[in-house]
$ cat upload27.pdb   # PDB, N, CA and C atoms
MODEL        1
ATOM      1  N   MET I   1     -12.152  68.261 -30.405
ATOM      2  CA  MET I   1     -12.398  69.154 -31.518
ATOM      3  C   MET I   1     -13.478  70.138 -31.102
ATOM      4  N   GLY I   2     -13.342  71.374 -31.471
ATOM      5  CA  GLY I   2     -14.339  72.376 -31.153
ATOM      6  C   GLY I   2     -15.569  72.240 -32.025
ATOM      7  N   ALA I   3     -16.552  73.039 -31.748
ATOM      8  CA  ALA I   3     -17.811  72.989 -32.498
ATOM      9  C   ALA I   3     -17.756  73.951 -33.679
ATOM     10  N   LEU I   4     -18.353  73.540 -34.763
ATOM     11  CA  LEU I   4     -18.514  74.392 -35.925
ATOM     12  C   LEU I   4     -19.984  74.764 -35.975
ATOM     13  N   VAL I   5     -20.296  76.038 -35.978
ATOM     14  CA  VAL I   5     -21.684  76.470 -35.881
ATOM     15  C   VAL I   5     -22.023  77.377 -37.051
ATOM     16  N   SER I   6     -23.192  77.183 -37.613
ATOM     17  CA  SER I   6     -23.697  78.079 -38.656
ATOM     18  C   SER I   6     -24.996  78.702 -38.163
ATOM     19  N   LYS I   7     -25.610  79.506 -39.001
ATOM     20  CA  LYS I   7     -26.854  80.183 -38.648
ATOM     21  C   LYS I   7     -27.909  79.170 -38.202
ATOM     22  N   ASP I   8     -28.535  79.428 -37.071
ATOM     23  CA  ASP I   8     -29.541  78.532 -36.514
ATOM     24  C   ASP I   8     -30.907  79.172 -36.694
ATOM     25  N   ASP I   9     -31.663  78.718 -37.701
ATOM     26  CA  ASP I   9     -32.930  79.387 -37.986
ATOM     27  C   ASP I   9     -34.075  78.414 -38.235
ATOM     28  N   GLY I  10     -34.033  77.233 -37.619
ATOM     29  CA  GLY I  10     -35.136  76.311 -37.830
ATOM     30  C   GLY I  10     -35.004  75.075 -36.962
ATOM     31  N   LYS I  11     -35.888  74.123 -37.213
ATOM     32  CA  LYS I  11     -35.847  72.870 -36.470
ATOM     33  C   LYS I  11     -34.588  72.095 -36.824
ATOM     34  N   ARG I  12     -34.115  71.328 -35.840
ATOM     35  CA  ARG I  12     -32.905  70.556 -36.069
ATOM     36  C   ARG I  12     -33.097  69.111 -35.648
ATOM     37  N   ARG I  13     -32.439  68.239 -36.357
ATOM     38  CA  ARG I  13     -32.358  66.826 -36.000
ATOM     39  C   ARG I  13     -30.993  66.607 -35.373
ATOM     40  N   LEU I  14     -30.952  65.730 -34.403
ATOM     41  CA  LEU I  14     -29.721  65.426 -33.694
ATOM     42  C   LEU I  14     -29.338  63.981 -33.975
ATOM     43  N   PHE I  15     -28.112  63.763 -34.392
ATOM     44  CA  PHE I  15     -27.570  62.432 -34.630
ATOM     45  C   PHE I  15     -26.374  62.252 -33.710
ATOM     46  N   LEU I  16     -26.422  61.227 -32.868
ATOM     47  CA  LEU I  16     -25.317  60.893 -31.980
ATOM     48  C   LEU I  16     -24.707  59.587 -32.467
ATOM     49  N   LEU I  17     -23.403  59.599 -32.700
ATOM     50  CA  LEU I  17     -22.733  58.441 -33.249
ATOM     51  C   LEU I  17     -21.535  58.067 -32.394
ATOM     52  N   ARG I  18     -21.186  56.807 -32.437
ATOM     53  CA  ARG I  18     -19.942  56.325 -31.855
ATOM     54  C   ARG I  18     -19.170  55.671 -32.987
ATOM     55  N   ALA I  19     -17.903  56.030 -33.112
ATOM     56  CA  ALA I  19     -17.039  55.510 -34.166
ATOM     57  C   ALA I  19     -15.713  55.085 -33.536
ATOM     58  N   PRO I  20     -14.930  54.289 -34.249
ATOM     59  CA  PRO I  20     -13.601  53.977 -33.744
ATOM     60  C   PRO I  20     -12.767  55.259 -33.697
ATOM     61  N   ASP I  21     -11.838  55.345 -32.769
ATOM     62  CA  ASP I  21     -10.966  56.517 -32.683
ATOM     63  C   ASP I  21      -9.830  56.340 -33.692
ATOM     64  N   GLU I  22     -10.174  56.571 -34.958
ATOM     65  CA  GLU I  22      -9.225  56.448 -36.061
ATOM     66  C   GLU I  22      -9.125  57.796 -36.762
ATOM     67  N   PRO I  23      -7.974  58.083 -37.391
ATOM     68  CA  PRO I  23      -7.767  59.402 -37.995
ATOM     69  C   PRO I  23      -8.822  59.813 -39.016
ATOM     70  N   ASP I  24      -9.415  58.875 -39.739
ATOM     71  CA  ASP I  24     -10.366  59.250 -40.794
ATOM     72  C   ASP I  24     -11.827  59.008 -40.428
ATOM     73  N   ALA I  25     -12.126  58.633 -39.200
ATOM     74  CA  ALA I  25     -13.506  58.298 -38.821
ATOM     75  C   ALA I  25     -14.450  59.487 -39.004
ATOM     76  N   LEU I  26     -14.071  60.661 -38.536
ATOM     77  CA  LEU I  26     -14.947  61.833 -38.661
ATOM     78  C   LEU I  26     -15.148  62.205 -40.129
ATOM     79  N   VAL I  27     -14.104  62.143 -40.921
ATOM     80  CA  VAL I  27     -14.212  62.476 -42.343
ATOM     81  C   VAL I  27     -15.158  61.507 -43.045
ATOM     82  N   ARG I  28     -15.099  60.228 -42.709
ATOM     83  CA  ARG I  28     -16.000  59.251 -43.324
ATOM     84  C   ARG I  28     -17.459  59.575 -42.999
ATOM     85  N   VAL I  29     -17.724  59.920 -41.754
ATOM     86  CA  VAL I  29     -19.084  60.276 -41.345
ATOM     87  C   VAL I  29     -19.542  61.540 -42.078
ATOM     88  N   LEU I  30     -18.689  62.542 -42.135
ATOM     89  CA  LEU I  30     -19.056  63.788 -42.810
ATOM     90  C   LEU I  30     -19.234  63.582 -44.313
ATOM     91  N   ASN I  31     -18.526  62.639 -44.897
ATOM     92  CA  ASN I  31     -18.730  62.321 -46.315
ATOM     93  C   ASN I  31     -20.149  61.820 -46.560
ATOM     94  N   VAL I  32     -20.691  61.029 -45.642
ATOM     95  CA  VAL I  32     -22.067  60.537 -45.771
ATOM     96  C   VAL I  32     -23.036  61.714 -45.717
ATOM     97  N   VAL I  33     -22.816  62.615 -44.788
ATOM     98  CA  VAL I  33     -23.673  63.798 -44.652
ATOM     99  C   VAL I  33     -23.624  64.635 -45.930
ATOM    100  N   THR I  34     -22.429  64.811 -46.471
ATOM    101  CA  THR I  34     -22.252  65.587 -47.703
ATOM    102  C   THR I  34     -22.930  64.903 -48.885
ATOM    103  N   LEU I  35     -22.776  63.595 -48.980
ATOM    104  CA  LEU I  35     -23.373  62.837 -50.074
ATOM    105  C   LEU I  35     -24.887  63.048 -50.136
ATOM    106  N   LEU I  36     -25.533  63.102 -48.967
ATOM    107  CA  LEU I  36     -26.983  63.292 -48.924
ATOM    108  C   LEU I  36     -27.377  64.772 -48.867
ATOM    109  N   GLN I  37     -26.398  65.646 -48.977
ATOM    110  CA  GLN I  37     -26.608  67.088 -49.000
ATOM    111  C   GLN I  37     -27.405  67.600 -47.801
ATOM    112  N   ALA I  38     -27.127  67.031 -46.644
ATOM    113  CA  ALA I  38     -27.746  67.513 -45.409
ATOM    114  C   ALA I  38     -27.024  68.787 -44.976
ATOM    115  N   ARG I  39     -27.767  69.717 -44.380
ATOM    116  CA  ARG I  39     -27.182  70.987 -43.935
ATOM    117  C   ARG I  39     -26.849  70.894 -42.451
ATOM    118  N   LEU I  40     -25.555  70.867 -42.160
ATOM    119  CA  LEU I  40     -25.081  70.824 -40.781
ATOM    120  C   LEU I  40     -25.234  72.181 -40.117
ATOM    121  N   THR I  41     -25.687  72.186 -38.875
ATOM    122  CA  THR I  41     -25.703  73.414 -38.102
ATOM    123  C   THR I  41     -24.683  73.354 -36.969
ATOM    124  N   ARG I  42     -24.252  72.127 -36.620
ATOM    125  CA  ARG I  42     -23.256  71.974 -35.552
ATOM    126  C   ARG I  42     -22.623  70.591 -35.656
ATOM    127  N   VAL I  43     -21.321  70.534 -35.400
ATOM    128  CA  VAL I  43     -20.579  69.279 -35.376
ATOM    129  C   VAL I  43     -19.680  69.293 -34.149
ATOM    130  N   GLU I  44     -19.701  68.216 -33.386
ATOM    131  CA  GLU I  44     -18.781  68.061 -32.256
ATOM    132  C   GLU I  44     -18.240  66.643 -32.302
ATOM    133  N   ALA I  45     -16.958  66.491 -31.988
ATOM    134  CA  ALA I  45     -16.349  65.167 -31.922
ATOM    135  C   ALA I  45     -15.308  65.172 -30.817
ATOM    136  N   GLU I  46     -15.291  64.080 -30.030
ATOM    137  CA  GLU I  46     -14.291  63.971 -28.979
ATOM    138  C   GLU I  46     -14.033  62.500 -28.674
ATOM    139  N   PRO I  47     -12.768  62.193 -28.330
ATOM    140  CA  PRO I  47     -12.457  60.820 -27.944
ATOM    141  C   PRO I  47     -13.165  60.463 -26.632
ATOM    142  N   VAL I  48     -13.731  59.263 -26.594
ATOM    143  CA  VAL I  48     -14.390  58.753 -25.391
ATOM    144  C   VAL I  48     -14.027  57.277 -25.279
ATOM    145  N   GLY I  49     -13.309  56.918 -24.222
ATOM    146  CA  GLY I  49     -12.875  55.531 -24.082
ATOM    147  C   GLY I  49     -12.018  55.128 -25.263
ATOM    148  N   ASP I  50     -12.381  54.024 -25.903
ATOM    149  CA  ASP I  50     -11.613  53.550 -27.054
ATOM    150  C   ASP I  50     -12.222  53.999 -28.380
ATOM    151  N   GLY I  51     -13.169  54.947 -28.328
ATOM    152  CA  GLY I  51     -13.845  55.381 -29.547
ATOM    153  C   GLY I  51     -13.907  56.883 -29.675
ATOM    154  N   LEU I  52     -14.691  57.303 -30.635
ATOM    155  CA  LEU I  52     -14.904  58.712 -30.912
ATOM    156  C   LEU I  52     -16.407  58.979 -30.827
ATOM    157  N   SER I  53     -16.794  59.963 -30.035
ATOM    158  CA  SER I  53     -18.190  60.367 -29.918
ATOM    159  C   SER I  53     -18.419  61.543 -30.858
ATOM    160  N   ILE I  54     -19.408  61.408 -31.752
ATOM    161  CA  ILE I  54     -19.693  62.439 -32.745
ATOM    162  C   ILE I  54     -21.139  62.894 -32.586
ATOM    163  N   ARG I  55     -21.337  64.199 -32.544
ATOM    164  CA  ARG I  55     -22.670  64.801 -32.432
ATOM    165  C   ARG I  55     -22.883  65.680 -33.658
ATOM    166  N   LEU I  56     -23.938  65.392 -34.408
ATOM    167  CA  LEU I  56     -24.270  66.165 -35.596
ATOM    168  C   LEU I  56     -25.645  66.788 -35.418
ATOM    169  N   GLU I  57     -25.757  68.079 -35.616
ATOM    170  CA  GLU I  57     -27.057  68.739 -35.666
ATOM    171  C   GLU I  57     -27.287  69.125 -37.117
ATOM    172  N   ILE I  58     -28.439  68.720 -37.643
ATOM    173  CA  ILE I  58     -28.767  68.882 -39.048
ATOM    174  C   ILE I  58     -30.075  69.671 -39.162
ATOM    175  N   GLU I  59     -30.134  70.601 -40.108
ATOM    176  CA  GLU I  59     -31.400  71.294 -40.365
ATOM    177  C   GLU I  59     -32.441  70.264 -40.773
ATOM    178  N   ASP I  60     -33.655  70.401 -40.256
ATOM    179  CA  ASP I  60     -34.707  69.447 -40.568
ATOM    180  C   ASP I  60     -35.146  69.590 -42.018
ATOM    181  N   ALA I  61     -35.108  68.465 -42.744
ATOM    182  CA  ALA I  61     -35.578  68.449 -44.131
ATOM    183  C   ALA I  61     -36.659  67.389 -44.302
ATOM    184  N   GLY I  62     -37.288  66.997 -43.184
ATOM    185  CA  GLY I  62     -38.367  66.025 -43.248
ATOM    186  C   GLY I  62     -37.950  64.651 -42.757
ATOM    187  N   GLU I  63     -38.967  63.895 -42.384
ATOM    188  CA  GLU I  63     -38.751  62.559 -41.816
ATOM    189  C   GLU I  63     -38.052  61.612 -42.794
ATOM    190  N   ASP I  64     -38.445  61.637 -44.056
ATOM    191  CA  ASP I  64     -37.836  60.738 -45.041
ATOM    192  C   ASP I  64     -36.345  60.998 -45.193
ATOM    193  N   ARG I  65     -35.958  62.261 -45.255
ATOM    194  CA  ARG I  65     -34.525  62.595 -45.406
ATOM    195  C   ARG I  65     -33.750  62.220 -44.155
ATOM    196  N   ALA I  66     -34.344  62.427 -42.972
ATOM    197  CA  ALA I  66     -33.661  62.058 -41.726
ATOM    198  C   ALA I  66     -33.458  60.550 -41.658
ATOM    199  N   GLU I  67     -34.468  59.785 -42.029
ATOM    200  CA  GLU I  67     -34.350  58.328 -42.005
ATOM    201  C   GLU I  67     -33.359  57.838 -43.052
ATOM    202  N   ALA I  68     -33.327  58.481 -44.217
ATOM    203  CA  ALA I  68     -32.354  58.111 -45.247
ATOM    204  C   ALA I  68     -30.929  58.365 -44.752
ATOM    205  N   LEU I  69     -30.722  59.496 -44.090
ATOM    206  CA  LEU I  69     -29.407  59.797 -43.544
ATOM    207  C   LEU I  69     -29.032  58.780 -42.467
ATOM    208  N   ALA I  70     -29.975  58.444 -41.602
ATOM    209  CA  ALA I  70     -29.703  57.452 -40.552
ATOM    210  C   ALA I  70     -29.320  56.109 -41.160
ATOM    211  N   ARG I  71     -30.030  55.670 -42.207
ATOM    212  CA  ARG I  71     -29.695  54.388 -42.859
ATOM    213  C   ARG I  71     -28.295  54.426 -43.458
ATOM    214  N   ARG I  72     -27.954  55.536 -44.107
ATOM    215  CA  ARG I  72     -26.621  55.656 -44.708
ATOM    216  C   ARG I  72     -25.538  55.692 -43.650
ATOM    217  N   LEU I  73     -25.793  56.397 -42.550
ATOM    218  CA  LEU I  73     -24.812  56.439 -41.468
ATOM    219  C   LEU I  73     -24.628  55.061 -40.847
ATOM    220  N   GLU I  74     -25.727  54.327 -40.660
ATOM    221  CA  GLU I  74     -25.629  52.973 -40.111
ATOM    222  C   GLU I  74     -24.804  52.058 -41.008
ATOM    223  N   ALA I  75     -24.888  52.268 -42.314
ATOM    224  CA  ALA I  75     -24.152  51.440 -43.267
ATOM    225  C   ALA I  75     -22.674  51.834 -43.365
ATOM    226  N   CYS I  76     -22.327  52.987 -42.851
ATOM    227  CA  CYS I  76     -20.948  53.464 -42.893
ATOM    228  C   CYS I  76     -20.077  52.584 -41.989
ATOM    229  N   PRO I  77     -18.986  52.024 -42.520
ATOM    230  CA  PRO I  77     -18.131  51.144 -41.714
ATOM    231  C   PRO I  77     -17.553  51.823 -40.472
ATOM    232  N   SER I  78     -17.481  53.139 -40.456
ATOM    233  CA  SER I  78     -16.923  53.850 -39.305
ATOM    234  C   SER I  78     -17.922  54.062 -38.177
ATOM    235  N   VAL I  79     -19.182  53.721 -38.382
ATOM    236  CA  VAL I  79     -20.202  53.953 -37.350
ATOM    237  C   VAL I  79     -20.473  52.665 -36.595
ATOM    238  N   ARG I  80     -20.221  52.709 -35.286
ATOM    239  CA  ARG I  80     -20.504  51.551 -34.413
ATOM    240  C   ARG I  80     -21.917  51.604 -33.852
ATOM    241  N   ARG I  81     -22.342  52.798 -33.439
ATOM    242  CA  ARG I  81     -23.687  52.991 -32.872
ATOM    243  C   ARG I  81     -24.237  54.313 -33.347
ATOM    244  N   LEU I  82     -25.577  54.386 -33.387
ATOM    245  CA  LEU I  82     -26.242  55.598 -33.847
ATOM    246  C   LEU I  82     -27.559  55.767 -33.111
ATOM    247  N   ALA I  83     -27.833  56.995 -32.693
ATOM    248  CA  ALA I  83     -29.148  57.377 -32.182
ATOM    249  C   ALA I  83     -29.486  58.698 -32.855
ATOM    250  N   PHE I  84     -30.769  58.898 -33.184
ATOM    251  CA  PHE I  84     -31.140  60.161 -33.816
ATOM    252  C   PHE I  84     -32.559  60.528 -33.448
ATOM    253  N   GLY I  85     -32.871  61.797 -33.596
ATOM    254  CA  GLY I  85     -34.216  62.279 -33.309
ATOM    255  C   GLY I  85     -34.220  63.786 -33.279
ATOM    256  N   TRP I  86     -35.253  64.338 -32.691
ATOM    257  CA  TRP I  86     -35.342  65.779 -32.522
ATOM    258  C   TRP I  86     -34.399  66.190 -31.420
ATOM    259  N   GLN I  87     -34.110  67.437 -31.359
ATOM    260  CA  GLN I  87     -33.210  67.965 -30.348
ATOM    261  C   GLN I  87     -33.624  67.526 -28.941
ATOM    262  N   GLY I  88     -34.929  67.393 -28.664
ATOM    263  CA  GLY I  88     -35.401  67.082 -27.325
ATOM    264  C   GLY I  88     -35.454  65.608 -26.954
ATOM    265  N   GLY I  89     -35.480  64.684 -27.903
ATOM    266  CA  GLY I  89     -35.606  63.288 -27.552
ATOM    267  C   GLY I  89     -34.998  62.382 -28.603
ATOM    268  N   LEU I  90     -34.198  61.426 -28.155
ATOM    269  CA  LEU I  90     -33.524  60.520 -29.077
ATOM    270  C   LEU I  90     -34.054  59.122 -28.960
ATOM    271  N   ALA I  91     -34.016  58.410 -30.067
ATOM    272  CA  ALA I  91     -34.361  56.993 -30.079
ATOM    273  C   ALA I  91     -33.224  56.264 -30.789
ATOM    274  N   PRO I  92     -32.798  55.113 -30.268
ATOM    275  CA  PRO I  92     -31.759  54.359 -30.961
ATOM    276  C   PRO I  92     -32.249  53.940 -32.335
ATOM    277  N   ALA I  93     -31.363  54.016 -33.295
ATOM    278  CA  ALA I  93     -31.707  53.574 -34.646
ATOM    279  C   ALA I  93     -31.782  52.050 -34.650
ATOM    280  N   ALA I  94     -32.802  51.513 -35.314
ATOM    281  CA  ALA I  94     -32.942  50.068 -35.405
ATOM    282  C   ALA I  94     -31.971  49.545 -36.448
ATOM    283  N   GLY I  95     -31.280  48.496 -36.110
ATOM    284  CA  GLY I  95     -30.351  47.922 -37.064
ATOM    285  C   GLY I  95     -29.403  46.971 -36.372
ATOM    286  N   PRO I  96     -28.954  45.962 -37.065
ATOM    287  CA  PRO I  96     -28.070  44.982 -36.460
ATOM    288  C   PRO I  96     -26.682  45.562 -36.210
ATOM    289  N   GLY I  97     -26.138  45.242 -35.049
ATOM    290  CA  GLY I  97     -24.770  45.603 -34.741
ATOM    291  C   GLY I  97     -24.514  47.062 -34.411
ATOM    292  N   HIS I  98     -25.561  47.866 -34.241
ATOM    293  CA  HIS I  98     -25.336  49.295 -33.946
ATOM    294  C   HIS I  98     -25.960  49.665 -32.642
TER     295      HIS I  98
ENDMDL
END
$ encode --input "upload27.pdb" --output "C-alpha cells"
Amino acid sequence: MGALVSKDDGKRRLFLLRAPDEPDALVRVLNVVTLLQARLTRVEAEPVGDGLSIRLEIEDAGEDRAEALARRLEACPSVRRLAFGWQGGLAPAAGPGH
C-alpha cells in the first residue's frame, strides 16, 4: 500500500505495529486511531512474512495522548507487536504478548 501524506507542520510520533495479514487488520488499527481522534500525517502498510507491517506517523498531542493511543493499540486484537516514540528513537511498548 502506498503512503498517505498530509501537511507536515510539527513534531510527530511514530508507531510501528505488526498485525496478522488479514483483510481487515489495517482498518481495525485505523479505527483505534480515529476513536482517539489522533491526527495522522502518514500511513504505510505492507505484508512482511506472515504478517502486516504498519507504520503510523501522528501529530504530537502530548505524552499522555501518545501513551493512551499506545495502550488502545496494544489492546486491539489485530496488533501483535507495537513500538512507539519520537521520529528519531523508538522504544518497545511494555505489555504482555506484544
$ resolve_selection --input "upload27.pdb" --expression "the PyMOL selection byres ((chain I and resi 18) around 7)" --output "PyMOL selection string"
chain I and resi 16-17+19-20+51-54+78-83
$ closest_residue --input "upload27.pdb" --among "I:Arg55, I:Arg12, I:Arg42, I:Arg65" --to "I:Val29" --atoms "only C-alpha atoms"
I:Arg55
$ resolve_selection --input "upload27.pdb" --expression "the PyMOL selection byres ((chain I and resi 33-39) around 8)" --output "list of chain:residue names"
I:Val27, I:Arg28, I:Val29, I:Leu30, I:Asn31, I:Val32, I:Leu40, I:Thr41, I:Arg42, I:Glu57, I:Ile58, I:Glu59, I:Asp60, I:Ala61, I:Ala68, I:Leu69, I:Arg72, I:Leu73
$ atom_distance --input "upload27.pdb" --atom1 "atom CA of I:Pro77" --atom2 "atom CA of I:Lys11"
28.5 Å
$ closest_residue --input "upload27.pdb" --among "I:Gly85, I:Asp21, I:Phe15, I:Glu67" --to "I:Gly49" --atoms "all atoms listed in the file"
I:Asp21
$ atom_distance --input "upload27.pdb" --atom1 "atom N of I:Phe84" --atom2 "atom C of I:Leu14"
5.3 Å
$ decode --input "upload27.pdb" --residues "stretch 31-53 of chain I" --atoms "N, CA and C atoms" --output "PDB file, in the first residue's frame"
ATOM      1  N   ASN I  31      -9.216   2.338  12.984  1.00  0.00           N
ATOM      2  CA  ASN I  31     -10.388   2.634  13.816  1.00  0.00           C
ATOM      3  C   ASN I  31      -9.964   3.091  15.208  1.00  0.00           C
ATOM      4  N   VAL I  32      -8.922   2.487  15.764  1.00  0.00           N
ATOM      5  CA  VAL I  32      -8.415   2.891  17.080  1.00  0.00           C
ATOM      6  C   VAL I  32      -7.889   4.322  17.007  1.00  0.00           C
ATOM      7  N   VAL I  33      -7.143   4.622  15.968  1.00  0.00           N
ATOM      8  CA  VAL I  33      -6.596   5.971  15.785  1.00  0.00           C
ATOM      9  C   VAL I  33      -7.731   6.988  15.670  1.00  0.00           C
ATOM     10  N   THR I  34      -8.757   6.641  14.910  1.00  0.00           N
ATOM     11  CA  THR I  34      -9.911   7.527  14.727  1.00  0.00           C
ATOM     12  C   THR I  34     -10.665   7.723  16.038  1.00  0.00           C
ATOM     13  N   LEU I  35     -10.855   6.647  16.779  1.00  0.00           N
ATOM     14  CA  LEU I  35     -11.570   6.715  18.048  1.00  0.00           C
ATOM     15  C   LEU I  35     -10.922   7.723  18.999  1.00  0.00           C
ATOM     16  N   LEU I  36      -9.586   7.759  19.014  1.00  0.00           N
ATOM     17  CA  LEU I  36      -8.875   8.684  19.897  1.00  0.00           C
ATOM     18  C   LEU I  36      -8.603  10.037  19.230  1.00  0.00           C
ATOM     19  N   GLN I  37      -9.129  10.220  18.037  1.00  0.00           N
ATOM     20  CA  GLN I  37      -9.016  11.468  17.292  1.00  0.00           C
ATOM     21  C   GLN I  37      -7.571  11.935  17.117  1.00  0.00           C
ATOM     22  N   ALA I  38      -6.688  10.985  16.877  1.00  0.00           N
ATOM     23  CA  ALA I  38      -5.295  11.322  16.584  1.00  0.00           C
ATOM     24  C   ALA I  38      -5.209  11.791  15.133  1.00  0.00           C
ATOM     25  N   ARG I  39      -4.314  12.740  14.867  1.00  0.00           N
ATOM     26  CA  ARG I  39      -4.155  13.277  13.511  1.00  0.00           C
ATOM     27  C   ARG I  39      -2.995  12.570  12.823  1.00  0.00           C
ATOM     28  N   LEU I  40      -3.334  11.755  11.833  1.00  0.00           N
ATOM     29  CA  LEU I  40      -2.329  11.042  11.050  1.00  0.00           C
ATOM     30  C   LEU I  40      -1.635  11.982  10.081  1.00  0.00           C
ATOM     31  N   THR I  41      -0.324  11.852   9.966  1.00  0.00           N
ATOM     32  CA  THR I  41       0.402  12.584   8.945  1.00  0.00           C
ATOM     33  C   THR I  41       0.934  11.635   7.875  1.00  0.00           C
ATOM     34  N   ARG I  42       1.014  10.335   8.218  1.00  0.00           N
ATOM     35  CA  ARG I  42       1.499   9.347   7.246  1.00  0.00           C
ATOM     36  C   ARG I  42       1.079   7.954   7.702  1.00  0.00           C
ATOM     37  N   VAL I  43       0.704   7.122   6.736  1.00  0.00           N
ATOM     38  CA  VAL I  43       0.350   5.731   6.991  1.00  0.00           C
ATOM     39  C   VAL I  43       1.025   4.877   5.927  1.00  0.00           C
ATOM     40  N   GLU I  44       1.683   3.815   6.350  1.00  0.00           N
ATOM     41  CA  GLU I  44       2.258   2.846   5.411  1.00  0.00           C
ATOM     42  C   GLU I  44       1.931   1.459   5.932  1.00  0.00           C
ATOM     43  N   ALA I  45       1.614   0.546   5.021  1.00  0.00           N
ATOM     44  CA  ALA I  45       1.357  -0.840   5.397  1.00  0.00           C
ATOM     45  C   ALA I  45       1.858  -1.741   4.282  1.00  0.00           C
ATOM     46  N   GLU I  46       2.520  -2.843   4.679  1.00  0.00           N
ATOM     47  CA  GLU I  46       2.989  -3.795   3.683  1.00  0.00           C
ATOM     48  C   GLU I  46       3.102  -5.177   4.314  1.00  0.00           C
ATOM     49  N   PRO I  47       2.817  -6.211   3.501  1.00  0.00           N
ATOM     50  CA  PRO I  47       2.980  -7.571   4.005  1.00  0.00           C
ATOM     51  C   PRO I  47       4.460  -7.866   4.271  1.00  0.00           C
ATOM     52  N   VAL I  48       4.724  -8.506   5.404  1.00  0.00           N
ATOM     53  CA  VAL I  48       6.081  -8.914   5.767  1.00  0.00           C
ATOM     54  C   VAL I  48       5.974 -10.299   6.395  1.00  0.00           C
ATOM     55  N   GLY I  49       6.572 -11.292   5.751  1.00  0.00           N
ATOM     56  CA  GLY I  49       6.460 -12.655   6.263  1.00  0.00           C
ATOM     57  C   GLY I  49       5.007 -13.075   6.322  1.00  0.00           C
ATOM     58  N   ASP I  50       4.577 -13.545   7.487  1.00  0.00           N
ATOM     59  CA  ASP I  50       3.191 -13.981   7.643  1.00  0.00           C
ATOM     60  C   ASP I  50       2.306 -12.893   8.247  1.00  0.00           C
ATOM     61  N   GLY I  51       2.813 -11.653   8.302  1.00  0.00           N
ATOM     62  CA  GLY I  51       2.055 -10.573   8.925  1.00  0.00           C
ATOM     63  C   GLY I  51       2.009  -9.327   8.076  1.00  0.00           C
ATOM     64  N   LEU I  52       1.530  -8.278   8.696  1.00  0.00           N
ATOM     65  CA  LEU I  52       1.419  -6.977   8.062  1.00  0.00           C
ATOM     66  C   LEU I  52       2.194  -5.977   8.919  1.00  0.00           C
ATOM     67  N   SER I  53       3.100  -5.240   8.303  1.00  0.00           N
ATOM     68  CA  SER I  53       3.858  -4.200   8.990  1.00  0.00           C
ATOM     69  C   SER I  53       3.161  -2.869   8.741  1.00  0.00           C
TER      70      SER I  53
END
